[in-house]
Every structure is written in C-alpha cells, then in structure tokens.
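Student: Just data08.txt, nothing more (compact mmCIF, N, CA and C atoms and all ligand atoms):
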# COMPACT_ATOMS: atom_id res chain seq x y z
N MET U 1 105.62 106.46 -19.46
CA MET U 1 104.80 107.63 -19.76
C MET U 1 104.67 108.48 -18.51
N THR U 2 104.82 109.79 -18.67
CA THR U 2 104.57 110.68 -17.54
C THR U 2 103.35 111.51 -17.88
N SER U 3 102.58 111.87 -16.89
CA SER U 3 101.43 112.74 -17.16
C SER U 3 101.37 113.81 -16.08
N ARG U 4 100.92 114.96 -16.50
CA ARG U 4 100.73 116.06 -15.57
C ARG U 4 99.24 116.33 -15.52
N VAL U 5 98.70 116.28 -14.33
CA VAL U 5 97.27 116.49 -14.18
C VAL U 5 97.03 117.74 -13.37
N ALA U 6 96.18 118.62 -13.89
CA ALA U 6 95.85 119.83 -13.15
C ALA U 6 94.49 120.33 -13.59
N THR U 7 93.83 121.03 -12.70
CA THR U 7 92.55 121.62 -13.06
C THR U 7 92.78 122.81 -13.99
N LEU U 8 91.73 123.17 -14.74
CA LEU U 8 91.86 124.26 -15.72
C LEU U 8 92.36 125.55 -15.10
N ASP U 9 91.86 125.88 -13.89
CA ASP U 9 92.29 127.15 -13.29
C ASP U 9 93.77 127.13 -12.96
N ARG U 10 94.32 125.96 -12.64
CA ARG U 10 95.77 125.89 -12.36
C ARG U 10 96.59 125.95 -13.64
N ILE U 11 96.04 125.39 -14.72
CA ILE U 11 96.76 125.42 -16.00
C ILE U 11 96.74 126.85 -16.55
N GLY U 12 95.62 127.52 -16.38
CA GLY U 12 95.53 128.92 -16.79
C GLY U 12 95.35 129.13 -18.28
N ILE U 13 95.04 128.08 -19.03
CA ILE U 13 94.80 128.19 -20.48
C ILE U 13 93.46 127.55 -20.76
N PRO U 14 92.58 128.21 -21.50
CA PRO U 14 91.29 127.58 -21.80
C PRO U 14 91.47 126.34 -22.69
N ASP U 15 90.54 125.40 -22.58
CA ASP U 15 90.57 124.14 -23.35
C ASP U 15 90.90 124.35 -24.83
N GLU U 16 90.21 125.33 -25.47
CA GLU U 16 90.38 125.52 -26.92
C GLU U 16 91.85 125.80 -27.25
N ARG U 17 92.49 126.63 -26.42
CA ARG U 17 93.91 126.95 -26.69
C ARG U 17 94.81 125.77 -26.37
N LEU U 18 94.55 125.13 -25.21
CA LEU U 18 95.39 124.01 -24.78
C LEU U 18 95.41 122.90 -25.83
N PHE U 19 94.21 122.58 -26.37
CA PHE U 19 94.12 121.47 -27.33
C PHE U 19 94.64 121.85 -28.72
N ALA U 20 94.86 123.14 -28.94
CA ALA U 20 95.41 123.56 -30.23
C ALA U 20 96.94 123.66 -30.18
N LEU U 21 97.52 123.53 -28.98
CA LEU U 21 98.98 123.67 -28.87
C LEU U 21 99.69 122.49 -29.51
N PRO U 22 100.77 122.77 -30.28
CA PRO U 22 101.55 121.66 -30.86
C PRO U 22 102.33 120.95 -29.74
N PRO U 23 102.72 119.66 -29.98
CA PRO U 23 103.39 118.88 -28.94
C PRO U 23 104.63 119.54 -28.36
N GLN U 24 105.42 120.21 -29.21
CA GLN U 24 106.65 120.83 -28.71
C GLN U 24 106.32 121.91 -27.68
N GLN U 25 105.21 122.62 -27.91
CA GLN U 25 104.83 123.68 -26.97
C GLN U 25 104.32 123.09 -25.66
N LEU U 26 103.66 121.92 -25.77
CA LEU U 26 103.21 121.23 -24.56
C LEU U 26 104.43 120.76 -23.76
N HIS U 27 105.48 120.38 -24.49
CA HIS U 27 106.73 119.98 -23.84
C HIS U 27 107.28 121.17 -23.02
N HIS U 28 107.32 122.35 -23.63
CA HIS U 28 107.78 123.55 -22.92
C HIS U 28 106.89 123.84 -21.72
N PHE U 29 105.61 123.67 -21.94
CA PHE U 29 104.63 123.91 -20.88
C PHE U 29 104.93 122.99 -19.69
N ALA U 30 105.20 121.70 -19.99
CA ALA U 30 105.51 120.73 -18.93
C ALA U 30 106.82 121.08 -18.24
N LEU U 31 107.79 121.58 -19.02
CA LEU U 31 109.08 121.97 -18.42
C LEU U 31 108.91 123.15 -17.46
N ASP U 32 108.12 124.14 -17.91
CA ASP U 32 107.86 125.31 -17.05
C ASP U 32 107.15 124.89 -15.77
N ALA U 33 106.13 124.03 -15.94
CA ALA U 33 105.30 123.65 -14.80
C ALA U 33 106.07 122.82 -13.77
N THR U 34 107.16 122.19 -14.21
CA THR U 34 107.91 121.32 -13.29
C THR U 34 109.30 121.88 -12.98
N ALA U 35 109.49 123.15 -13.29
CA ALA U 35 110.81 123.77 -13.11
C ALA U 35 111.29 123.69 -11.66
N SER U 36 110.35 123.72 -10.72
CA SER U 36 110.75 123.72 -9.30
C SER U 36 110.88 122.30 -8.73
N TRP U 37 110.63 121.29 -9.57
CA TRP U 37 110.72 119.90 -9.08
C TRP U 37 112.19 119.52 -8.91
N HIS U 38 112.41 118.37 -8.32
CA HIS U 38 113.77 117.87 -8.15
C HIS U 38 114.44 117.81 -9.53
N PRO U 39 115.70 118.29 -9.63
CA PRO U 39 116.36 118.35 -10.95
C PRO U 39 116.33 117.03 -11.71
N ARG U 40 116.38 115.91 -11.00
CA ARG U 40 116.38 114.61 -11.72
C ARG U 40 115.05 114.36 -12.40
N LEU U 41 113.96 114.82 -11.76
CA LEU U 41 112.63 114.64 -12.37
C LEU U 41 112.47 115.58 -13.56
N SER U 42 112.90 116.84 -13.38
CA SER U 42 112.81 117.81 -14.48
C SER U 42 113.64 117.32 -15.67
N GLU U 43 114.77 116.69 -15.36
CA GLU U 43 115.66 116.20 -16.42
C GLU U 43 114.96 115.15 -17.27
N LEU U 44 114.16 114.30 -16.60
CA LEU U 44 113.41 113.28 -17.33
C LEU U 44 112.53 113.93 -18.39
N ILE U 45 111.83 114.99 -17.97
CA ILE U 45 110.91 115.69 -18.88
C ILE U 45 111.71 116.41 -19.96
N HIS U 46 112.85 116.97 -19.55
CA HIS U 46 113.72 117.67 -20.50
C HIS U 46 114.15 116.74 -21.64
N HIS U 47 114.46 115.48 -21.31
CA HIS U 47 114.96 114.53 -22.32
C HIS U 47 113.84 113.80 -23.05
N ALA U 48 112.59 114.05 -22.68
CA ALA U 48 111.47 113.35 -23.34
C ALA U 48 111.36 113.79 -24.81
N ASP U 49 110.81 112.93 -25.64
CA ASP U 49 110.59 113.26 -27.06
C ASP U 49 109.53 114.37 -27.13
N PRO U 50 109.92 115.57 -27.62
CA PRO U 50 108.97 116.70 -27.63
C PRO U 50 107.72 116.42 -28.47
N TYR U 51 107.82 115.48 -29.41
CA TYR U 51 106.67 115.18 -30.27
C TYR U 51 105.70 114.19 -29.63
N SER U 52 106.06 113.69 -28.43
CA SER U 52 105.21 112.68 -27.79
C SER U 52 104.19 113.30 -26.84
N PHE U 53 104.17 114.64 -26.76
CA PHE U 53 103.26 115.29 -25.80
C PHE U 53 101.88 115.53 -26.41
N PHE U 54 100.84 115.26 -25.62
CA PHE U 54 99.47 115.52 -26.09
C PHE U 54 98.59 115.84 -24.88
N SER U 55 97.48 116.50 -25.14
CA SER U 55 96.55 116.87 -24.07
C SER U 55 95.39 115.87 -24.01
N VAL U 56 94.97 115.57 -22.82
CA VAL U 56 93.82 114.68 -22.62
C VAL U 56 92.90 115.36 -21.62
N ALA U 57 91.61 115.44 -21.94
CA ALA U 57 90.66 116.02 -20.98
C ALA U 57 90.15 114.89 -20.08
N ILE U 58 90.16 115.14 -18.80
CA ILE U 58 89.61 114.15 -17.86
C ILE U 58 88.37 114.76 -17.22
N ARG U 59 87.25 114.11 -17.41
CA ARG U 59 86.00 114.63 -16.85
C ARG U 59 85.35 113.55 -16.00
N ALA U 60 84.63 113.96 -15.00
CA ALA U 60 83.95 112.99 -14.14
C ALA U 60 82.47 112.95 -14.50
N GLY U 61 81.91 111.77 -14.51
CA GLY U 61 80.49 111.63 -14.81
C GLY U 61 79.67 111.72 -13.53
N GLU U 62 78.37 111.88 -13.71
CA GLU U 62 77.46 111.89 -12.56
C GLU U 62 77.29 110.46 -12.06
N ARG U 63 77.21 110.29 -10.75
CA ARG U 63 76.95 108.96 -10.21
C ARG U 63 75.53 108.54 -10.59
N VAL U 64 75.37 107.32 -11.06
CA VAL U 64 74.03 106.85 -11.45
C VAL U 64 73.49 105.89 -10.40
N GLU U 65 72.18 105.81 -10.33
CA GLU U 65 71.53 104.88 -9.40
C GLU U 65 71.70 103.46 -9.92
N PRO U 66 71.79 102.46 -9.02
CA PRO U 66 71.87 101.07 -9.49
C PRO U 66 70.64 100.75 -10.34
N TRP U 67 70.83 99.95 -11.40
CA TRP U 67 69.72 99.58 -12.26
C TRP U 67 69.49 98.07 -12.18
N GLN U 68 68.33 97.65 -12.67
CA GLN U 68 67.97 96.23 -12.64
C GLN U 68 68.92 95.43 -13.55
N SER U 69 69.50 94.37 -13.02
CA SER U 69 70.41 93.54 -13.84
C SER U 69 69.64 92.85 -14.94
N GLY U 70 70.28 92.69 -16.10
CA GLY U 70 69.68 91.97 -17.21
C GLY U 70 70.66 90.97 -17.79
N ARG U 71 70.50 90.64 -19.07
CA ARG U 71 71.36 89.63 -19.69
C ARG U 71 72.60 90.26 -20.33
N VAL U 72 72.67 91.58 -20.31
CA VAL U 72 73.82 92.27 -20.88
C VAL U 72 74.55 92.98 -19.74
N THR U 73 75.87 92.88 -19.74
CA THR U 73 76.61 93.58 -18.69
C THR U 73 77.76 94.38 -19.30
N LEU U 74 78.23 95.32 -18.57
CA LEU U 74 79.35 96.16 -19.01
C LEU U 74 80.50 95.98 -18.03
N LEU U 75 81.71 95.98 -18.56
CA LEU U 75 82.89 95.81 -17.72
C LEU U 75 83.89 96.93 -18.01
N GLY U 76 84.80 97.12 -17.08
CA GLY U 76 85.92 98.03 -17.31
C GLY U 76 85.48 99.44 -17.66
N ASP U 77 86.24 100.05 -18.56
CA ASP U 77 85.98 101.44 -18.93
C ASP U 77 84.59 101.64 -19.52
N ALA U 78 84.00 100.57 -20.06
CA ALA U 78 82.67 100.71 -20.66
C ALA U 78 81.65 101.13 -19.61
N VAL U 79 81.89 100.78 -18.36
CA VAL U 79 80.92 101.14 -17.32
C VAL U 79 81.49 102.16 -16.33
N HIS U 80 82.81 102.19 -16.17
CA HIS U 80 83.42 103.19 -15.28
C HIS U 80 84.75 103.61 -15.87
N THR U 81 84.71 104.54 -16.79
CA THR U 81 85.94 105.00 -17.45
C THR U 81 86.95 105.46 -16.41
N MET U 82 88.18 104.93 -16.54
CA MET U 82 89.22 105.27 -15.56
C MET U 82 90.14 106.34 -16.15
N PRO U 83 90.64 107.21 -15.32
CA PRO U 83 91.58 108.23 -15.81
C PRO U 83 92.95 107.61 -16.08
N PRO U 84 93.80 108.31 -16.86
CA PRO U 84 95.13 107.77 -17.13
C PRO U 84 96.07 107.91 -15.92
N THR U 85 95.55 108.32 -14.81
CA THR U 85 96.37 108.50 -13.61
C THR U 85 96.06 107.38 -12.62
N GLY U 86 96.94 107.19 -11.70
CA GLY U 86 96.68 106.22 -10.63
C GLY U 86 97.09 104.81 -10.98
N GLY U 87 97.14 104.50 -12.29
CA GLY U 87 97.60 103.18 -12.71
C GLY U 87 96.71 102.04 -12.23
N ILE U 88 95.39 102.28 -12.14
CA ILE U 88 94.53 101.20 -11.66
C ILE U 88 93.45 100.81 -12.67
N GLY U 89 93.41 101.49 -13.83
CA GLY U 89 92.35 101.21 -14.81
C GLY U 89 92.41 99.80 -15.35
N ALA U 90 93.61 99.34 -15.73
CA ALA U 90 93.74 98.00 -16.30
C ALA U 90 93.42 96.94 -15.25
N GLY U 91 93.96 97.13 -14.03
CA GLY U 91 93.71 96.17 -12.95
C GLY U 91 92.24 96.11 -12.60
N THR U 92 91.56 97.26 -12.62
CA THR U 92 90.14 97.28 -12.28
C THR U 92 89.33 96.55 -13.34
N ALA U 93 89.69 96.73 -14.62
CA ALA U 93 88.99 96.03 -15.71
C ALA U 93 89.17 94.51 -15.56
N LEU U 94 90.39 94.09 -15.20
CA LEU U 94 90.64 92.66 -15.01
C LEU U 94 89.87 92.13 -13.80
N GLN U 95 89.77 92.96 -12.77
CA GLN U 95 89.02 92.56 -11.58
C GLN U 95 87.54 92.38 -11.93
N ASP U 96 87.01 93.29 -12.76
CA ASP U 96 85.62 93.17 -13.23
C ASP U 96 85.44 91.84 -13.95
N ALA U 97 86.40 91.50 -14.84
CA ALA U 97 86.30 90.27 -15.63
C ALA U 97 86.33 89.05 -14.70
N ALA U 98 87.22 89.09 -13.68
CA ALA U 98 87.31 87.97 -12.74
C ALA U 98 86.01 87.84 -11.95
N CYS U 99 85.43 88.98 -11.59
CA CYS U 99 84.17 88.98 -10.83
C CYS U 99 83.05 88.37 -11.67
N LEU U 100 82.97 88.79 -12.97
CA LEU U 100 81.94 88.25 -13.86
C LEU U 100 82.14 86.74 -14.05
N ALA U 101 83.40 86.33 -14.24
CA ALA U 101 83.69 84.90 -14.43
C ALA U 101 83.22 84.10 -13.21
N ALA U 102 83.48 84.62 -12.02
CA ALA U 102 83.08 83.92 -10.79
C ALA U 102 81.55 83.84 -10.69
N GLU U 103 80.87 84.93 -11.09
CA GLU U 103 79.40 84.94 -11.03
C GLU U 103 78.81 83.95 -12.03
N LEU U 104 79.39 83.89 -13.25
CA LEU U 104 78.89 82.96 -14.28
C LEU U 104 79.11 81.51 -13.82
N LEU U 105 80.26 81.26 -13.21
CA LEU U 105 80.57 79.92 -12.72
C LEU U 105 79.58 79.53 -11.62
N ALA U 106 79.31 80.47 -10.73
CA ALA U 106 78.36 80.21 -9.64
C ALA U 106 76.97 79.93 -10.20
N ALA U 107 76.59 80.68 -11.25
CA ALA U 107 75.26 80.46 -11.88
C ALA U 107 75.21 79.08 -12.53
N ASP U 108 76.32 78.70 -13.19
CA ASP U 108 76.38 77.40 -13.86
C ASP U 108 76.28 76.26 -12.84
N ARG U 109 76.80 76.49 -11.66
CA ARG U 109 76.75 75.46 -10.60
C ARG U 109 75.42 75.49 -9.85
N GLY U 110 74.54 76.40 -10.25
CA GLY U 110 73.24 76.51 -9.61
C GLY U 110 73.29 77.25 -8.28
N GLU U 111 74.40 77.92 -8.01
CA GLU U 111 74.51 78.67 -6.75
C GLU U 111 73.92 80.08 -6.88
N ARG U 112 73.67 80.53 -8.11
CA ARG U 112 73.08 81.86 -8.37
C ARG U 112 71.97 81.68 -9.40
N HIS U 113 71.04 82.60 -9.39
CA HIS U 113 69.95 82.55 -10.38
C HIS U 113 70.08 83.73 -11.33
C1 LIG I 1 96.38 107.92 -21.87
C2 LIG I 1 95.96 106.82 -20.92
C3 LIG I 1 96.91 106.25 -20.08
C4 LIG I 1 96.55 105.22 -19.17
N1 LIG I 1 97.50 104.70 -18.35
C5 LIG I 1 97.17 103.69 -17.54
C6 LIG I 1 98.19 103.06 -16.73
O1 LIG I 1 99.36 103.43 -16.73
N2 LIG I 1 97.81 102.02 -15.94
C7 LIG I 1 96.51 101.57 -15.89
O2 LIG I 1 96.22 100.61 -15.17
N3 LIG I 1 95.54 102.16 -16.64
C8 LIG I 1 95.84 103.19 -17.46
N4 LIG I 1 94.86 103.78 -18.23
C9 LIG I 1 93.47 103.30 -18.11
C10 LIG I 1 93.34 101.94 -18.84
O3 LIG I 1 93.87 102.06 -20.17
C11 LIG I 1 91.86 101.53 -18.94
O4 LIG I 1 91.22 101.70 -17.68
C12 LIG I 1 91.77 100.08 -19.37
O5 LIG I 1 92.41 99.90 -20.64
C13 LIG I 1 90.30 99.65 -19.49
O6 LIG I 1 90.27 98.35 -20.06
P1 LIG I 1 88.99 97.89 -20.86
O7 LIG I 1 89.29 96.49 -21.27
O8 LIG I 1 87.77 98.14 -20.04
O9 LIG I 1 88.86 98.86 -22.11
P2 LIG I 1 89.89 99.06 -23.37
O10 LIG I 1 91.31 98.75 -22.94
O11 LIG I 1 89.54 100.41 -23.89
O12 LIG I 1 89.44 97.91 -24.34
C14 LIG I 1 88.26 98.02 -25.11
C15 LIG I 1 88.56 97.34 -26.43
O13 LIG I 1 87.34 97.23 -27.18
C16 LIG I 1 87.61 97.55 -28.52
N5 LIG I 1 86.34 97.96 -29.14
C17 LIG I 1 85.67 99.12 -28.99
N6 LIG I 1 84.54 99.11 -29.73
C18 LIG I 1 84.50 97.91 -30.35
C19 LIG I 1 83.58 97.28 -31.24
N7 LIG I 1 82.45 97.90 -31.63
N8 LIG I 1 83.86 96.04 -31.65
C20 LIG I 1 84.98 95.38 -31.26
N9 LIG I 1 85.89 95.92 -30.41
C21 LIG I 1 85.65 97.16 -29.96
C22 LIG I 1 88.65 98.67 -28.46
O14 LIG I 1 89.36 98.76 -29.67
C23 LIG I 1 89.53 98.16 -27.31
O15 LIG I 1 90.56 97.30 -27.75
C24 LIG I 1 95.19 104.78 -19.12
C25 LIG I 1 94.23 105.36 -19.98
C26 LIG I 1 94.61 106.36 -20.87
C27 LIG I 1 93.56 106.97 -21.80
Turn this file's structure into structure tokens for me.
Ligand SMILES: Cc1cc2nc3c(=O)[nH]c(=O)nc-3n(C[C@H](O)[C@H](O)[C@H](O)COP(=O)(O)OP(=O)(O)OC[C@H]3O[C@@H](n4cnc5c(N)ncnc54)[C@H](O)[C@@H]3O)c2cc1C
Tutor:
Amino acid sequence: MTSRVATLDRIGIPDERLFALPPQQLHHFALDATASWHPRLSELIHHADPYSFFSVAIRAGERVEPWQSGRVTLLGDAVHTMPPTGGIGAGTALQDAACLAAELLAADRGERH
C-alpha cells in the first residue's frame, strides 16, 4: 500500500470535494502530485489499480491529562489512534499488550498492587 499524506493547504481541495472524488480521479491526483518523483516511483503509482484509491482524514487529538487507573484499561488505537503512516501502529498496539501482560503478571506475583 502506498499513501500520500499532505495538509489541506498543500492538497488545495476542500475536504467535501476531496472525499467526493471517485477512486480513478484520486489516482490521477496521486499521479500529478508525484510527477516530479523518481520515474520508478511514479511508475509504481501509474501501474496501481485505479479503483484502489481512497481518501482518509488524519486528525490529531488534544493531549489529555493522566487519569486515575481503574479496573478497565485501553490499549492500542482505542487509547492512541495511530495514523496509517510510519508503520508503527500495529507494533505499538502489540507493545501495549506486552506491557499490560507484564503488569498483570507482576500483580499476580504480588509485585504490584
Ligand atoms: C489505512 C490504514 C493503514 C495502516 N497501515 C499501517 C501499517 O502499514 N503499519 C502499521 O503498523 N500500522 C498501520 N496502521 C495502523 C494500525 O492498523 C493500527 O494502529 C493497529 O491496527 C491498532 O491495533 P489495535 O489492535 O489497537 O486496533 P484494531 O486493529 O483496530 O483492532 C480492534 C478490533 O476490535 C474490533 N472491535 C471493535 N469494536 C468491537 C466490539 N464492540 N466488539 C468486538 N470487537 C470489536 C474491530 O473489529 C477490530 O478487529 C494503518 C491504519 C490505517 C487506518
């Protein structure tokens, strides 16, 4: 999967129009936007399935203050939604799970309360 990430002002199309564009037009949009890239990279986009293109909005949330721990916890995207870029969302969710498993094990051994 390839993704192109840009702020709205760089894309130059308002959200309403961008999200109404059919996949083939998004394909053209991606081709135009990458026309100056290395020909081998542009070629990849050129040969992509035009119907596989879609728009995704990426928004950042406000940082929240730490809260009192309870008996319910959230892991992965449920507590820190990751963008489709960077390739770290899945690894971070697994790291959260490993961290929770270690904490539960420590509690079971009486090392944590
Ligand atoms: C388009 C896109 C591309 C991405 N590309 C990458 C990538 O290349 N590499 C990478 O590392 N990360 C990528 N990410 C991010 C990554 O997918 C997430 O960070 C990761 O999947 C989070 O894992 P998770 O287990 O927290 O949540 P999820 O993978 O979202 O798992 C949550 C699960 O809970 C289920 N669920 C929801 N509600 C209920 C319910 N009420 N009852 C039962 N089940 C429920 C859902 O169906 C889902 O299966 C991408 C994200 C997007 C949107």
Student: Just want the 12 Å neighbourhood of stretch 69-86 of chain U, counted on only C-alpha atoms, with same-chain residues fewer than 2 positions away dropped. Output as JSON, numbers by chain.
Tutor: {"U": [1, 2, 3, 4, 5, 6, 55, 56, 57, 58, 59, 60, 61, 62, 63, 64, 66, 67, 88, 89, 90, 91, 92, 93, 94, 95, 96, 97, 98, 99, 100, 101, 103, 104, 113]}
Student: What gap, in Å, lies between atom O6 of ligand LIG 1 (chain I) and atom CA of U:Ala102?
Tutor: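 Interatomic distance, atom O6 of ligand LIG 1 (chain I) to atom CA of U:Ala102: 18.6 Å.
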Student: Neighbouring residues of stretch 32-40 of chain U were defined as those with any atom within 9 Å, considering only C-alpha atoms; residues of the same chain fewer than 4 positions away were excluded. Please report them as a ChimeraX atom specification.
Tutor: /U:4,11,27-28,44-45
Student: As number ranges by chain, please: all residues of chain U that backbone DSSP puts in helix (DSSP H, G or I).
Tutor: U: 8-11, 15-20, 23-33, 39-46, 50-52, 76-78, 89-108
Student: Considering all atoms listed in the file, state which residue in the set U:Asp49, U:Phe29, U:Gly87, U:Pro22 is at the smallest distance from ligand LIG 1 (chain I).
Tutor: U:Gly87
Student: Restrict the output to stretch 34-55 of chain U and N, CA and C atoms, then write it as a JSON list (two decimals), in the first residue's frame.
Tutor:
[["chain", "number", "residue", "atom", "x", "y", "z"],
["U", 34, "THR", "N", 2.89, 13.37, -7.84],
["U", 34, "THR", "CA", 4.19, 12.69, -7.77],
["U", 34, "THR", "C", 4.93, 12.73, -9.10],
["U", 35, "ALA", "N", 4.46, 13.60, -9.99],
["U", 35, "ALA", "CA", 5.04, 13.67, -11.34],
["U", 35, "ALA", "C", 6.55, 13.96, -11.31],
["U", 36, "SER", "N", 6.99, 14.71, -10.30],
["U", 36, "SER", "CA", 8.41, 15.09, -10.26],
["U", 36, "SER", "C", 9.26, 14.07, -9.49],
["U", 37, "TRP", "N", 8.63, 13.00, -9.00],
["U", 37, "TRP", "CA", 9.38, 11.99, -8.24],
["U", 37, "TRP", "C", 10.22, 11.16, -9.21],
["U", 38, "HIS", "N", 11.07, 10.33, -8.65],
["U", 38, "HIS", "CA", 11.89, 9.44, -9.47],
["U", 38, "HIS", "C", 10.96, 8.60, -10.36],
["U", 39, "PRO", "N", 11.29, 8.47, -11.66],
["U", 39, "PRO", "CA", 10.38, 7.76, -12.58],
["U", 39, "PRO", "C", 9.97, 6.38, -12.08],
["U", 40, "ARG", "N", 10.85, 5.69, -11.38],
["U", 40, "ARG", "CA", 10.48, 4.33, -10.91],
["U", 40, "ARG", "C", 9.38, 4.39, -9.87],
["U", 41, "LEU", "N", 9.39, 5.44, -9.04],
["U", 41, "LEU", "CA", 8.35, 5.59, -8.02],
["U", 41, "LEU", "C", 7.03, 5.99, -8.68],
["U", 42, "SER", "N", 7.11, 6.94, -9.62],
["U", 42, "SER", "CA", 5.89, 7.37, -10.33],
["U", 42, "SER", "C", 5.29, 6.19, -11.08],
["U", 43, "GLU", "N", 6.16, 5.33, -11.60],
["U", 43, "GLU", "CA", 5.69, 4.16, -12.36],
["U", 43, "GLU", "C", 4.86, 3.24, -11.48],
["U", 44, "LEU", "N", 5.30, 3.10, -10.22],
["U", 44, "LEU", "CA", 4.55, 2.26, -9.28],
["U", 44, "LEU", "C", 3.12, 2.75, -9.17],
["U", 45, "ILE", "N", 2.98, 4.08, -9.02],
["U", 45, "ILE", "CA", 1.64, 4.67, -8.86],
["U", 45, "ILE", "C", 0.86, 4.55, -10.17],
["U", 46, "HIS", "N", 1.59, 4.72, -11.29],
["U", 46, "HIS", "CA", 0.96, 4.61, -12.60],
["U", 46, "HIS", "C", 0.32, 3.23, -12.78],
["U", 47, "HIS", "N", 1.01, 2.18, -12.31],
["U", 47, "HIS", "CA", 0.51, 0.81, -12.51],
["U", 47, "HIS", "C", -0.45, 0.35, -11.42],
["U", 48, "ALA", "N", -0.69, 1.20, -10.42],
["U", 48, "ALA", "CA", -1.60, 0.80, -9.33],
["U", 48, "ALA", "C", -3.03, 0.66, -9.85],
["U", 49, "ASP", "N", -3.82, -0.16, -9.17],
["U", 49, "ASP", "CA", -5.23, -0.34, -9.54],
["U", 49, "ASP", "C", -5.97, 0.98, -9.25],
["U", 50, "PRO", "N", -6.49, 1.65, -10.30],
["U", 50, "PRO", "CA", -7.13, 2.96, -10.10],
["U", 50, "PRO", "C", -8.32, 2.91, -9.16],
["U", 51, "TYR", "N", -8.92, 1.72, -9.02],
["U", 51, "TYR", "CA", -10.10, 1.60, -8.14],
["U", 51, "TYR", "C", -9.73, 1.39, -6.68],
["U", 52, "SER", "N", -8.41, 1.29, -6.40],
["U", 52, "SER", "CA", -7.99, 1.02, -5.02],
["U", 52, "SER", "C", -7.71, 2.30, -4.25],
["U", 53, "PHE", "N", -7.91, 3.46, -4.89],
["U", 53, "PHE", "CA", -7.57, 4.73, -4.22],
["U", 53, "PHE", "C", -8.73, 5.24, -3.36],
["U", 54, "PHE", "N", -8.41, 5.72, -2.17],
["U", 54, "PHE", "CA", -9.44, 6.30, -1.30],
["U", 54, "PHE", "C", -8.81, 7.37, -0.41],
["U", 55, "SER", "N", -9.63, 8.27, 0.08],
["U", 55, "SER", "CA", -9.14, 9.35, 0.95],
["U", 55, "SER", "C", -9.36, 8.99, 2.42]]
